[in-house]
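*Asks:* File name target-v8.cif; file contents mmCIF, C-alpha atoms and all ligand atoms; full text below.
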data_start
#
loop_
_atom_site.label_atom_id
_atom_site.label_comp_id
_atom_site.auth_asym_id
_atom_site.auth_seq_id
_atom_site.Cartn_x
_atom_site.Cartn_y
_atom_site.Cartn_z
CA MET T 280 60.23 19.09 14.32
CA ALA T 281 59.15 22.33 12.75
CA ALA T 282 58.37 23.69 16.18
CA GLN T 283 61.92 22.87 17.29
CA THR T 284 63.39 25.13 14.66
CA ALA T 285 60.77 27.78 15.35
CA ARG T 286 61.95 27.96 18.96
CA ARG T 287 65.43 28.79 17.80
CA ALA T 288 64.23 31.56 15.52
CA THR T 289 66.24 34.73 15.73
CA PRO T 290 64.50 37.87 16.98
CA GLN T 291 62.81 39.85 14.28
CA PRO T 292 64.39 43.18 13.43
CA GLY T 293 62.84 46.28 14.93
CA CYS T 294 60.98 44.38 17.62
CA LYS T 295 62.52 46.31 20.47
CA ALA T 296 59.82 48.98 20.33
CA GLU T 297 57.00 46.48 20.72
CA GLY T 298 58.88 44.38 23.27
CA ALA T 299 61.24 41.50 22.83
CA ARG T 300 59.76 38.40 21.22
CA ALA T 301 60.92 34.84 20.87
CA PHE T 302 59.74 31.31 20.60
CA ILE T 303 60.54 29.38 23.69
CA GLY T 304 58.95 26.67 25.74
CA TYR T 305 59.59 23.22 27.05
CA PRO T 306 61.25 20.64 24.81
CA LEU T 307 58.62 19.34 22.43
CA ARG T 308 57.93 15.67 21.87
CA PRO T 309 58.04 15.02 18.13
CA ARG T 310 54.77 13.14 17.75
CA MET T 311 52.56 15.57 19.69
CA ARG T 312 50.42 17.81 17.55
CA TYR T 313 50.83 21.36 18.71
CA ASN T 314 48.26 24.07 18.54
CA PRO T 315 49.43 26.50 15.88
CA ARG T 316 48.33 29.44 17.99
CA MET T 317 51.19 30.97 19.92
CA PRO T 318 49.87 33.68 22.22
CA ALA T 319 52.36 36.33 23.28
CA VAL T 320 52.83 36.49 27.03
CA GLN T 321 54.89 38.62 29.38
CA ARG T 322 57.50 36.46 31.01
CA SER T 323 60.14 37.29 33.57
CA PHE T 324 63.56 35.66 33.61
CA ARG T 325 66.02 35.27 36.45
CA ILE T 326 69.46 33.93 35.65
CA ARG T 327 72.43 33.50 37.95
CA ALA T 328 75.34 35.81 37.09
CA TYR T 329 79.04 35.42 37.85
CA PRO T 330 80.80 38.80 38.11
CA ASN T 331 84.62 38.63 38.21
CA PRO T 332 86.53 40.00 41.25
CA ALA T 333 87.03 43.42 39.67
CA GLN T 334 83.33 43.65 38.88
CA ILE T 335 82.44 42.57 42.43
CA ARG T 336 84.62 45.35 43.85
CA MET T 337 82.88 47.86 41.59
CA LEU T 338 79.44 46.51 42.44
CA ASN T 339 80.13 46.74 46.17
CA GLN T 340 80.70 50.46 45.72
CA TRP T 341 77.64 50.87 43.54
CA TYR T 342 75.30 49.09 45.91
CA GLY T 343 76.70 51.28 48.68
CA SER T 344 76.16 54.44 46.63
CA ALA T 345 72.58 53.48 45.80
CA ARG T 346 71.89 52.84 49.48
CA TRP T 347 73.42 56.19 50.43
CA LEU T 348 71.32 57.94 47.77
CA TRP T 349 68.13 56.28 49.01
CA ASN T 350 68.79 57.38 52.58
CA TRP T 351 69.84 60.90 51.54
CA ALA T 352 66.72 61.37 49.41
CA LEU T 353 64.44 59.92 52.07
CA ASP T 354 65.92 62.20 54.70
CA MET T 355 65.50 65.23 52.45
CA ARG T 356 61.91 64.40 51.59
CA THR T 357 60.96 63.75 55.20
CA LYS T 358 62.50 67.02 56.39
CA ALA T 359 60.96 69.02 53.54
CA TYR T 360 57.58 67.79 54.62
CA GLN T 361 58.14 68.25 58.35
CA ARG T 362 59.51 71.78 58.03
CA ARG T 363 57.70 73.26 55.06
CA LYS T 364 54.81 70.84 54.43
CA GLU T 365 56.28 70.42 50.98
CA SER T 366 56.33 67.12 49.11
CA LEU T 367 59.34 66.68 46.88
CA THR T 368 59.08 64.63 43.70
CA SER T 369 61.86 62.44 42.38
CA ILE T 370 62.45 65.02 39.64
CA ALA T 371 63.24 67.68 42.21
CA VAL T 372 65.51 65.26 44.08
CA SER T 373 67.15 64.28 40.82
CA ARG T 374 68.03 67.93 40.09
CA LYS T 375 69.69 68.22 43.49
CA LEU T 376 71.59 65.02 42.80
CA THR T 377 72.96 66.42 39.54
CA LYS T 378 74.28 69.44 41.45
CA LEU T 379 75.71 67.23 44.15
CA LYS T 380 77.73 65.22 41.63
CA THR T 381 79.74 68.36 40.73
CA VAL T 382 80.87 68.83 44.35
CA PRO T 383 84.38 67.25 44.68
CA LYS T 384 83.45 65.57 47.98
CA PHE T 385 80.71 63.59 46.26
CA SER T 386 82.56 62.83 43.04
CA TRP T 387 82.19 59.08 43.73
CA LEU T 388 78.49 59.42 42.84
CA ALA T 389 79.44 60.11 39.22
CA LYS T 390 81.17 56.72 38.98
CA VAL T 391 77.86 54.87 39.27
CA PRO T 392 75.85 54.63 36.01
CA ALA T 393 73.45 57.57 36.12
CA THR T 394 70.45 55.43 35.15
CA CYS T 395 70.94 53.19 38.21
CA LEU T 396 70.65 56.20 40.49
CA THR T 397 67.58 57.50 38.63
CA GLN T 398 65.95 54.09 39.02
CA CYS T 399 66.75 54.13 42.73
CA LEU T 400 64.87 57.44 43.08
CA ARG T 401 61.99 56.00 41.08
CA ASP T 402 61.80 53.07 43.49
CA GLN T 403 61.48 55.57 46.30
CA ASP T 404 58.66 57.31 44.45
CA ARG T 405 56.85 54.02 44.30
CA ALA T 406 57.50 53.39 48.01
CA PHE T 407 55.86 56.75 48.77
CA ALA T 408 52.97 56.08 46.40
CA ASN T 409 52.34 52.77 48.17
CA PHE T 410 52.53 54.52 51.53
CA PHE T 411 49.89 57.09 50.53
CA ARG T 412 47.69 54.40 49.02
CA ARG T 413 47.77 52.49 52.32
CA VAL T 414 47.00 55.66 54.28
CA LYS T 415 44.02 56.31 52.04
CA ALA T 416 42.78 52.73 52.35
CA GLY T 417 43.06 52.91 56.14
CA GLU T 418 45.65 50.13 56.33
CA THR T 419 48.81 50.16 58.43
CA PRO T 420 50.70 52.93 56.59
CA GLY T 421 54.35 51.75 56.80
CA TYR T 422 56.46 54.83 56.04
CA PRO T 423 59.43 54.15 53.69
CA ARG T 424 62.40 53.07 55.77
CA PHE T 425 66.10 53.90 55.77
CA LYS T 426 68.25 51.14 54.33
CA ALA T 427 70.71 49.53 56.69
CA ARG T 428 74.10 48.39 55.49
CA GLN T 429 73.38 44.90 54.33
CA MET T 430 74.65 42.30 51.94
CA ASN T 431 71.73 42.25 49.55
CA GLY T 432 71.04 44.99 47.05
CA SER T 433 69.65 45.64 43.65
CA LEU T 434 70.55 47.90 40.75
CA ARG T 435 68.53 48.51 37.60
CA PHE T 436 70.49 49.14 34.42
CA GLN T 437 69.32 50.82 31.28
CA ASP T 438 71.20 50.96 27.96
CA VAL T 439 72.25 47.32 28.16
CA SER T 440 74.53 46.59 25.24
CA GLU T 441 72.41 45.06 22.51
CA VAL T 442 75.39 43.82 20.55
CA LYS T 443 76.58 41.54 23.31
CA TRP T 444 73.19 40.34 24.54
CA LEU T 445 73.31 36.72 23.47
CA GLY T 446 75.67 33.85 24.12
CA GLY T 447 75.82 33.11 27.84
CA ALA T 448 76.91 36.58 28.90
CA VAL T 449 75.40 39.99 29.40
CA SER T 450 77.13 43.32 28.93
CA LEU T 451 76.15 46.02 31.40
CA PRO T 452 77.09 49.72 31.30
CA LYS T 453 80.48 50.49 32.91
CA LEU T 454 80.74 46.87 34.14
CA GLY T 455 81.32 45.14 30.83
CA ARG T 456 80.75 41.49 30.02
CA MET T 457 79.44 39.28 32.80
CA LYS T 458 79.18 35.50 32.62
CA LEU T 459 75.78 33.89 33.14
CA ALA T 460 74.73 30.40 34.19
CA GLU T 461 72.52 29.90 31.14
CA ASN T 462 72.47 31.10 27.60
CA LEU T 463 70.19 34.09 27.29
CA PRO T 464 66.94 33.24 25.51
CA ALA T 465 66.67 34.27 21.89
CA ILE T 466 64.97 37.59 22.49
CA ALA T 467 65.94 41.14 21.74
CA CYS T 468 67.70 42.92 24.56
CA PRO T 469 65.15 44.37 27.01
CA ASP T 470 65.12 48.02 28.08
CA THR T 471 66.04 47.46 31.71
CA VAL T 472 67.94 44.67 33.41
CA THR T 473 68.10 44.27 37.19
CA LEU T 474 71.25 42.96 38.83
CA LYS T 475 70.49 41.63 42.27
CA ARG T 476 72.78 40.44 45.02
CA GLU T 477 71.05 38.07 47.41
CA ALA T 478 71.94 37.72 51.08
CA ASP T 479 73.87 34.52 50.33
CA GLY T 480 76.25 36.48 48.08
CA ARG T 481 74.89 35.16 44.78
CA TYR T 482 74.17 37.48 41.88
CA TYR T 483 71.19 37.25 39.55
CA VAL T 484 70.14 39.20 36.49
CA SER T 485 66.42 39.49 35.93
CA PHE T 486 64.40 41.05 33.16
CA CYS T 487 60.98 40.95 31.55
CA ALA T 488 60.22 40.09 27.94
CA THR T 489 57.28 39.30 25.72
CA VAL T 490 57.64 35.78 24.38
CA GLU T 491 55.46 33.46 22.34
CA ILE T 492 54.77 30.08 23.88
CA ALA T 493 53.14 27.25 21.94
CA LEU T 494 49.85 26.06 23.43
CA LEU T 495 49.86 22.42 24.52
CA PRO T 496 47.58 20.01 22.63
CA VAL T 497 44.11 19.64 24.14
CA VAL T 498 43.80 16.58 26.40
CA ALA T 499 40.57 14.98 27.63
CA SER T 500 41.41 15.00 31.30
CA VAL T 501 40.15 17.04 34.23
CA ILE T 502 41.37 16.98 37.80
CA GLY T 503 40.50 18.32 41.24
CA VAL T 504 43.35 19.26 43.58
CA ASP T 505 43.02 19.55 47.34
CA LEU T 506 45.94 21.20 49.09
CA GLY T 507 46.90 20.08 52.57
CA LEU T 508 49.69 19.76 55.09
CA THR T 509 50.04 15.99 55.60
CA HIS T 510 49.97 15.62 51.84
CA LEU T 511 50.89 18.69 49.83
CA ALA T 512 48.32 17.85 47.18
CA THR T 513 45.69 15.15 46.86
CA LEU T 514 44.29 14.61 43.38
CA SER T 515 40.78 13.47 42.55
CA SER T 516 42.42 10.54 40.77
CA CYS T 517 43.33 9.22 44.27
CA GLU T 518 46.99 10.18 43.83
CA LYS T 519 48.65 11.76 46.84
CA ILE T 520 51.73 13.95 46.69
CA GLU T 521 53.86 13.93 49.81
CA ASN T 522 54.51 17.25 51.55
CA PRO T 523 58.31 17.57 51.37
CA ARG T 524 58.49 19.93 54.41
CA HIS T 525 61.76 21.45 53.31
CA LEU T 526 61.94 24.03 56.09
CA ASN T 527 60.94 21.53 58.76
CA ASN T 528 63.75 19.20 57.72
CA ARG T 529 66.35 21.92 58.09
CA LEU T 530 64.89 23.60 61.16
CA ARG T 531 67.29 21.98 63.62
CA TYR T 532 70.32 22.95 61.54
CA LEU T 533 69.00 26.47 61.02
CA ARG T 534 68.42 26.96 64.74
CA GLN T 535 71.95 25.80 65.52
CA GLN T 536 73.47 28.05 62.92
CA GLN T 537 71.41 31.07 63.91
CA ARG T 538 72.33 30.62 67.55
CA CYS T 539 75.97 30.47 66.52
CA LEU T 540 75.57 33.68 64.52
CA ALA T 541 74.10 35.47 67.53
CA ARG T 542 77.23 34.63 69.54
CA ARG T 543 79.72 36.01 67.02
CA VAL T 544 81.26 39.43 67.66
CA LYS T 545 79.67 42.11 65.50
CA GLY T 546 81.87 43.22 62.64
CA SER T 547 84.19 40.21 62.91
CA LYS T 548 85.28 38.05 60.02
CA ARG T 549 83.84 34.90 61.60
CA ARG T 550 80.47 36.59 61.99
CA GLU T 551 80.46 37.34 58.27
CA GLN T 552 81.30 33.69 57.51
CA GLN T 553 78.53 32.53 59.80
CA ARG T 554 76.04 34.99 58.28
CA LEU T 555 76.76 33.52 54.88
CA ARG T 556 76.22 30.00 56.21
CA VAL T 557 72.76 30.96 57.54
CA ALA T 558 71.81 32.81 54.36
CA ARG T 559 72.89 29.85 52.21
CA ALA T 560 70.82 27.43 54.29
CA HIS T 561 67.76 29.66 53.92
CA SER T 562 68.17 30.04 50.18
CA ALA T 563 68.71 26.28 49.79
CA VAL T 564 65.33 25.68 51.47
CA ALA T 565 63.66 28.27 49.26
CA ASN T 566 65.19 26.76 46.11
CA GLN T 567 64.14 23.22 47.03
CA ARG T 568 60.61 24.40 47.69
CA SER T 569 60.30 26.29 44.45
CA TYR T 570 61.80 23.38 42.47
CA ALA T 571 59.28 20.90 43.92
CA LEU T 572 56.38 23.25 43.20
CA HIS T 573 57.56 23.80 39.63
CA VAL T 574 57.71 20.05 39.03
CA LEU T 575 54.24 19.52 40.47
CA THR T 576 52.51 22.40 38.70
CA THR T 577 54.14 21.67 35.34
CA LYS T 578 53.05 18.03 35.58
CA LEU T 579 49.46 19.00 36.42
CA VAL T 580 49.26 21.54 33.62
CA ARG T 581 50.75 19.20 31.03
CA GLU T 582 48.48 16.27 31.85
CA HIS T 583 45.12 17.92 32.49
CA GLN T 584 42.95 20.31 30.55
CA ILE T 585 40.90 21.63 33.47
CA ILE T 586 42.25 21.93 36.98
CA CYS T 587 39.88 22.66 39.86
CA ILE T 588 41.48 24.08 42.97
CA GLU T 589 40.23 25.64 46.15
CA ASN T 590 40.22 29.42 46.40
CA LEU T 591 42.13 29.52 49.69
CA ALA T 592 42.66 32.72 51.65
CA VAL T 593 46.32 31.93 52.33
CA ARG T 594 46.99 35.39 53.70
CA ASN T 595 44.35 34.95 56.39
CA MET T 596 45.23 31.35 57.17
CA ILE T 597 48.82 32.28 57.75
CA LYS T 598 47.69 34.41 60.70
CA ASN T 599 47.05 31.22 62.63
CA PRO T 600 50.18 31.04 64.79
CA ARG T 601 50.15 27.25 65.04
CA LEU T 602 49.91 26.61 61.32
CA ALA T 603 51.66 29.67 59.86
CA ARG T 604 55.08 28.10 59.46
CA HIS T 605 53.71 24.89 58.00
CA ILE T 606 51.45 26.67 55.51
CA ALA T 607 54.28 28.95 54.42
CA ASP T 608 56.58 25.92 54.12
CA ALA T 609 54.09 24.09 51.91
CA GLY T 610 53.87 27.12 49.59
CA TRP T 611 50.14 27.09 48.81
CA GLY T 612 50.15 30.67 47.60
CA GLU T 613 53.06 30.00 45.27
CA PHE T 614 51.36 26.83 44.00
CA ARG T 615 48.32 28.86 43.04
CA ARG T 616 50.38 31.56 41.34
CA MET T 617 52.42 29.03 39.35
CA ILE T 618 49.48 26.92 38.24
CA GLU T 619 47.58 29.99 37.10
CA TYR T 620 50.30 31.47 34.95
CA LYS T 621 51.30 28.11 33.48
CA ALA T 622 47.67 27.37 32.61
CA LYS T 623 47.50 30.70 30.83
CA TRP T 624 50.68 29.97 28.88
CA TYR T 625 49.66 26.54 27.70
CA GLY T 626 45.92 27.06 27.15
CA ARG T 627 44.58 25.20 30.19
CA THR T 628 41.71 26.22 32.47
CA VAL T 629 42.06 26.65 36.22
CA ILE T 630 38.83 26.93 38.21
CA ALA T 631 39.09 28.31 41.73
CA VAL T 632 36.12 26.96 43.67
CA ASP T 633 34.45 29.25 46.20
CA ARG T 634 36.31 29.04 49.49
CA TRP T 635 33.09 28.55 51.47
CA PHE T 636 32.20 25.42 49.54
CA PRO T 637 32.37 22.58 52.13
CA SER T 638 34.63 20.32 50.04
CA SER T 639 35.79 18.16 52.95
CA LYS T 640 32.47 17.90 54.77
CA THR T 641 30.33 16.93 51.78
CA CYS T 642 29.83 13.26 50.99
CA GLY T 643 30.92 12.74 47.41
CA LYS T 644 28.33 10.03 46.87
CA CYS T 645 25.05 11.30 48.35
CA LYS T 646 25.98 15.02 48.82
CA HIS T 647 25.15 14.89 52.52
CA VAL T 648 27.01 17.61 54.44
CA VAL T 649 28.18 16.69 57.93
CA ASP T 650 28.13 19.39 60.60
CA GLU T 651 31.64 19.02 61.84
CA LEU T 652 34.79 17.33 60.65
CA ARG T 653 37.82 18.01 62.81
CA LEU T 654 41.20 18.50 61.17
CA ASN T 655 42.66 15.34 62.70
CA VAL T 656 39.94 13.12 61.20
CA ARG T 657 41.58 11.65 58.12
CA GLN T 658 38.86 9.10 57.36
CA TRP T 659 35.14 9.28 57.97
CA THR T 660 31.93 7.39 57.27
CA CYS T 661 28.92 9.16 55.81
CA PRO T 662 26.02 8.88 58.30
CA LYS T 663 23.50 8.84 55.47
CA CYS T 664 24.82 6.38 52.89
CA GLY T 665 27.55 4.69 54.89
CA THR T 666 30.37 5.31 52.41
CA VAL T 667 33.84 5.38 53.96
CA HIS T 668 35.74 8.43 52.71
CA ASP T 669 39.38 9.35 52.72
CA ARG T 670 39.13 12.97 53.77
CA ASP T 671 41.47 14.44 51.14
CA ILE T 672 40.44 12.31 48.18
CA ASN T 673 36.78 13.04 48.88
CA ALA T 674 37.57 16.76 49.06
CA ALA T 675 39.49 16.69 45.78
CA GLN T 676 36.64 14.86 44.03
CA ASN T 677 34.10 17.34 45.42
CA LEU T 678 36.25 20.22 44.22
CA LEU T 679 36.32 18.70 40.76
CA LEU T 680 32.53 18.36 40.65
CA ALA T 681 31.99 21.86 42.03
CA GLY T 682 34.47 23.30 39.55
CA MET T 683 32.84 21.54 36.62
CA SER T 684 29.38 22.71 37.68
CA GLU T 685 30.69 26.26 37.94
CA LEU T 686 32.07 25.93 34.45
CA GLY T 687 28.79 24.52 33.21
CA GLY T 688 26.91 27.56 34.46
CA GLY T 689 25.46 26.00 37.59
CA GLU T 690 27.30 28.36 39.91
CA ARG T 691 26.53 28.38 43.59
CA ARG T 692 24.29 25.38 43.21
CA ASP T 693 23.67 23.98 46.66
CA LEU T 694 24.83 20.41 46.25
CA GLY T 695 23.61 19.55 49.73
CA VAL T 696 20.01 20.57 49.14
CA ASP T 697 19.06 19.64 45.62
CA GLY T 698 21.45 16.72 45.25
CA ALA T 699 22.13 17.99 41.78
CA VAL T 700 23.31 15.74 39.01
CA VAL T 701 26.54 17.28 37.86
CA ASP T 702 27.68 16.08 34.47
CA ALA T 703 30.35 13.53 35.08
CA PRO T 704 33.11 15.22 33.11
CA ARG T 705 34.94 12.08 31.98
CA GLU T 706 31.80 10.70 30.34
CA ALA T 707 31.00 13.80 28.32
CA PRO T 708 32.14 13.65 24.67
CA PRO T 709 35.67 14.96 25.06
CA GLY T 710 35.75 17.00 21.88
CA GLN T 711 32.66 18.96 22.77
CA LEU T 712 33.55 19.48 26.39
CA MET T 713 37.06 20.57 25.64
CA SER T 714 36.03 23.02 22.97
CA GLU T 715 33.64 24.58 25.45
CA CYS T 716 36.40 24.85 27.99
CA LEU T 717 38.67 26.50 25.48
CA GLU T 718 35.90 28.97 24.63
CA HIS T 719 35.64 29.74 28.30
CA GLU T 720 39.37 30.34 28.47
CA ARG T 721 39.38 32.65 25.45
CA VAL T 722 36.39 34.68 26.64
CA ASN T 723 38.05 35.46 29.92
ZN ZN W 1 26.90 9.85 51.80
#
Re-express the file's structure as structure tokens.
Ligand SMILES: [Zn+2]
*Replies:*
Amino acid sequence: MAAQTARRATPQPGCKAEGARAFIGYPLRPRMRYNPRMPAVQRSFRIRAYPNPAQIRMLNQWYGSARWLWNWALDMRTKAYQRRKESLTSIAVSRKLTKLKTVPKFSWLAKVPATCLTQCLRDQDRAFANFFRRVKAGETPGYPRFKARQMNGSLRFQDVSEVKWLGGAVSLPKLGRMKLAENLPAIACPDTVTLKREADGRYYVSFCATVEIALLPVVASVIGVDLGLTHLATLSSCEKIENPRHLNNRLRYLRQQQRCLARRVKGSKRREQQRLRVARAHSAVANQRSYALHVLTTKLVREHQIICIENLAVRNMIKNPRLARHIADAGWGEFRRMIEYKAKWYGRTVIAVDRWFPSSKTCGKCKHVVDELRLNVRQWTCPKCGTVHDRDINAAQNLLLAGMSELGGGERRDLGVDGAVVDAPREAPPGQLMSECLEHERVN
């Protein structure tokens, strides 16, 4: 139970300079032996916030001011370049803004916390930097765009009150205390806090902090994971995880509601109500998806030491117009991102197997590679050894073997040609194997 009390430890004094630190993690089971090493990791938090009506009125104005500033600065920068071939920096724009605030007509700008406006100009700097980077790289440039009047917005606050940081509320400059859905974690107050309003009208505070997370105890289990559409994930242990298809389930409702929105008169009250209904349905789908992925990835990371996955080019696959929606709905990219950062937190190893490795088409028993295996073939018989394979389970088991051979130094070994004997990972002495894996993790 020592770890339990350690999690509740108060932030050390003077830790603001080196970043906020705390001990947090998932609830610990008392009998598990935890690795004493607690690596410090950067972690981002996102917590729902509940501003009161007065704060909402204020925020509406502030989001509007930030949007106006963005458009004003973008217009000025564009014209400066078109007329004089001059590129303005955010510092130059900032100086003009300071002058503007003294003009009585623009006195409302002074009501917004000055740091929020500075951050808004910084964001624009980054938008321009990204634009020039894309131009240089020969990609589609995408010039920074004017912001339309919309319901979502974001403000970044500095000088968040340190005194009132903890205890289920956050205190922001000029806004005061704001209730939160969760208690803030036991970390020192970060330098900047973002307050975001989503399209569905919900507010969230988000911030970044350095925290220490206890490594999970080493377990002697390895797994291969094959991602798919009929089943979201198939494990090499023959377990199949259903694809929940959250978007697909709500598609009919979403279409109805979106059609209804299109018929509403622009600027009317009923249109605004309908817009909220659509936005809420979309965010419900997104929340369900992310919840299911969190449950799956946390379970995999807790139960297995090494996880072999396929290095999928999700960005390219999503270009396929017939599969795009389904791939995006399954959330393969997000699965990969989650499993990688969780593995890093808890001291697990994730091996991404080369995407050209024919995991589905290779026979797991005799390593024979068939020429073609169409997507609708869910079960096939190896022409060489006659084994009947379930497509996904076979692929997951091949991924596991390929991942383990990559880890063992036999990279790019052509399993089809030399019929290599890959060490069966479960039979290797677990202590030795696992220590090697941990070495691998530390070296990288
Ligand atoms: Zn075979």
*Asks:* If we count all atoms listed in the file, what is near region 354-371 of chain T at a cut-off of 7 Å, once residues fewer than 2 positions away on the same chain are taken out, given as a PyMOL selection string?
*Replies:* chain T and resi 350-352+373-375+400-401+404
*Asks:* Please write the residues from the selection above to a file, keeping C-alpha atoms, as a PDB file, in the frame of the given file.
*Replies:*
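Done, and the output landed in part17.pdb:
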ATOM      1  CA  ASN T 350      68.790  57.380  52.580  1.00  0.00           C
ATOM      2  CA  TRP T 351      69.840  60.900  51.540  1.00  0.00           C
ATOM      3  CA  ALA T 352      66.720  61.370  49.410  1.00  0.00           C
ATOM      4  CA  SER T 373      67.150  64.280  40.820  1.00  0.00           C
ATOM      5  CA  ARG T 374      68.030  67.930  40.090  1.00  0.00           C
ATOM      6  CA  LYS T 375      69.690  68.220  43.490  1.00  0.00           C
ATOM      7  CA  LEU T 400      64.870  57.440  43.080  1.00  0.00           C
ATOM      8  CA  ARG T 401      61.990  56.000  41.080  1.00  0.00           C
ATOM      9  CA  ASP T 404      58.660  57.310  44.450  1.00  0.00           C
TER      10      ASP T 404
END
*Asks:* Could I get the residue neighbourhood of ligand ZN 1 (chain W) at 6 Å, counting only C-alpha atoms and all ligand atoms, as a ChimeraX atom specification?
*Replies:* /T:642,644-645,647,661,663-664,666
*Asks:* From the list T:Gln658, T:Thr471, T:Gln676, T:Ser433, which residue is nearest Ser323 (chain T) when using only C-alpha atoms?
*Replies:* T:Thr471
*Asks:* Considering all atoms listed in the file, state which residue in the set T:Glu518, T:Asp608, T:Asp650, T:Glu613 is at the smallest distance from Leu530 (chain T).
*Replies:* T:Asp608
*Asks:* To one decimal in Å, tell me the separation between CA of Asn528 (chain T) and CA of Ile606 (chain T).
*Replies:*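 Atom-to-atom, CA of Asn528 (chain T) and CA of Ile606 (chain T) are spaced 14.6 Å apart.
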*Asks:* When you count all atoms listed in the file, which of these residues is closest to Arg325 (chain T): T:Trp611, T:Trp387, T:Phe486, T:Tyr570?
*Replies:*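 Closest to Arg325 (chain T), using all atoms listed in the file: T:Phe486.
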*Asks:* For Glu461 (chain T), which residue out of T:Ala592, T:Leu533, T:Val484, T:Ile326 is the nearest one, using all atoms listed in the file?
*Replies:*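 With all atoms listed in the file as the atom set, the closest residue is T:Ile326.
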*Asks:* Do you have the CA of Leu463 (chain T)-CA of Gly446 (chain T) distance handy?
*Replies:*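 These two atoms are separated by 6.3 Å.
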*Asks:* What is the CA of Cys587 (chain T) to CA of Phe636 (chain T) distance in Å?
*Replies:*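 CA of Cys587 (chain T) sits 12.7 Å away from CA of Phe636 (chain T).
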*Asks:* So that I can see what lies close to Gln536 (chain T), please list as a PDB file with C-alpha atoms, in the coordinates of the input the residues with an atom at most 12 Å from it, counting all atoms listed in the file and leaving out residues fewer than 3 positions away in the same chain.
*Replies:*
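As a result, selection_22.pdb now contains:
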ATOM      1  CA  ARG T 529      66.350  21.920  58.090  1.00  0.00           C
ATOM      2  CA  LEU T 530      64.890  23.600  61.160  1.00  0.00           C
ATOM      3  CA  ARG T 531      67.290  21.980  63.620  1.00  0.00           C
ATOM      4  CA  TYR T 532      70.320  22.950  61.540  1.00  0.00           C
ATOM      5  CA  LEU T 533      69.000  26.470  61.020  1.00  0.00           C
ATOM      6  CA  CYS T 539      75.970  30.470  66.520  1.00  0.00           C
ATOM      7  CA  LEU T 540      75.570  33.680  64.520  1.00  0.00           C
ATOM      8  CA  ALA T 541      74.100  35.470  67.530  1.00  0.00           C
ATOM      9  CA  ARG T 542      77.230  34.630  69.540  1.00  0.00           C
ATOM     10  CA  ARG T 543      79.720  36.010  67.020  1.00  0.00           C
ATOM     11  CA  ARG T 550      80.470  36.590  61.990  1.00  0.00           C
ATOM     12  CA  GLN T 552      81.300  33.690  57.510  1.00  0.00           C
ATOM     13  CA  GLN T 553      78.530  32.530  59.800  1.00  0.00           C
ATOM     14  CA  ARG T 554      76.040  34.990  58.280  1.00  0.00           C
ATOM     15  CA  LEU T 555      76.760  33.520  54.880  1.00  0.00           C
ATOM     16  CA  ARG T 556      76.220  30.000  56.210  1.00  0.00           C
ATOM     17  CA  VAL T 557      72.760  30.960  57.540  1.00  0.00           C
ATOM     18  CA  ALA T 558      71.810  32.810  54.360  1.00  0.00           C
ATOM     19  CA  ARG T 559      72.890  29.850  52.210  1.00  0.00           C
ATOM     20  CA  ALA T 560      70.820  27.430  54.290  1.00  0.00           C
ATOM     21  CA  HIS T 561      67.760  29.660  53.920  1.00  0.00           C
TER      22      HIS T 561
END
*Asks:* Can you sort out the box for region 333-350 of chain T, edges along x, y and z, all listed atoms in, 3 Å on every side, with centre and edge lengths in Å to one decimal, as AutoDock Vina command-line options?
*Replies:*
--center_x 77.6 --center_y 50.3 --center_z 45.7 --size_x 24.9 --size_y 21.4 --size_z 19.7
*Asks:* For each of T:Gln340, T:Gln334, T:Asn655, T:Ser562, take the minimum atom-to-atom distance to Pro452 (chain T), counting all atoms listed in the file, then give the residue where this is smallest.
*Replies:*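 Going through T:Gln340, T:Gln334, T:Asn655, T:Ser562 one by one, the smallest distance to Pro452 (chain T) is for T:Gln334.
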*Asks:* Which of these, T:Arg327, T:Lys646, T:Lys578, T:Arg538, has the shortest distance to Leu459 (chain T) once you count all atoms listed in the file?
*Replies:*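 Result for the nearest residue to Leu459 (chain T): T:Arg327.
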*Asks:* Would you list the contacts of Ala622 (chain T) as JSON, numbers by chain, taking every protein, DNA or RNA residue within 9 Å and counting only C-alpha atoms, but skipping same-chain residues closer than 5 positions in sequence?
*Replies:* {"T": [580, 581, 584, 585, 586, 617, 627, 628, 629]}
*Asks:* Show which residues sit within 10 Å of Pro318 (chain T), as a CSV table (one decimal) with C-alpha atoms, keeping the file's coordinate frame. Count all atoms listed in the file, and ignore same-chain residues fewer than 5 positions away.
*Replies:*
chain,number,residue,atom,x,y,z
T,489,THR,CA,57.3,39.3,25.7
T,490,VAL,CA,57.6,35.8,24.4
T,491,GLU,CA,55.5,33.5,22.3
T,492,ILE,CA,54.8,30.1,23.9
T,493,ALA,CA,53.1,27.2,21.9
T,494,LEU,CA,49.8,26.1,23.4
T,623,LYS,CA,47.5,30.7,30.8
T,624,TRP,CA,50.7,30.0,28.9
T,625,TYR,CA,49.7,26.5,27.7
T,626,GLY,CA,45.9,27.1,27.2
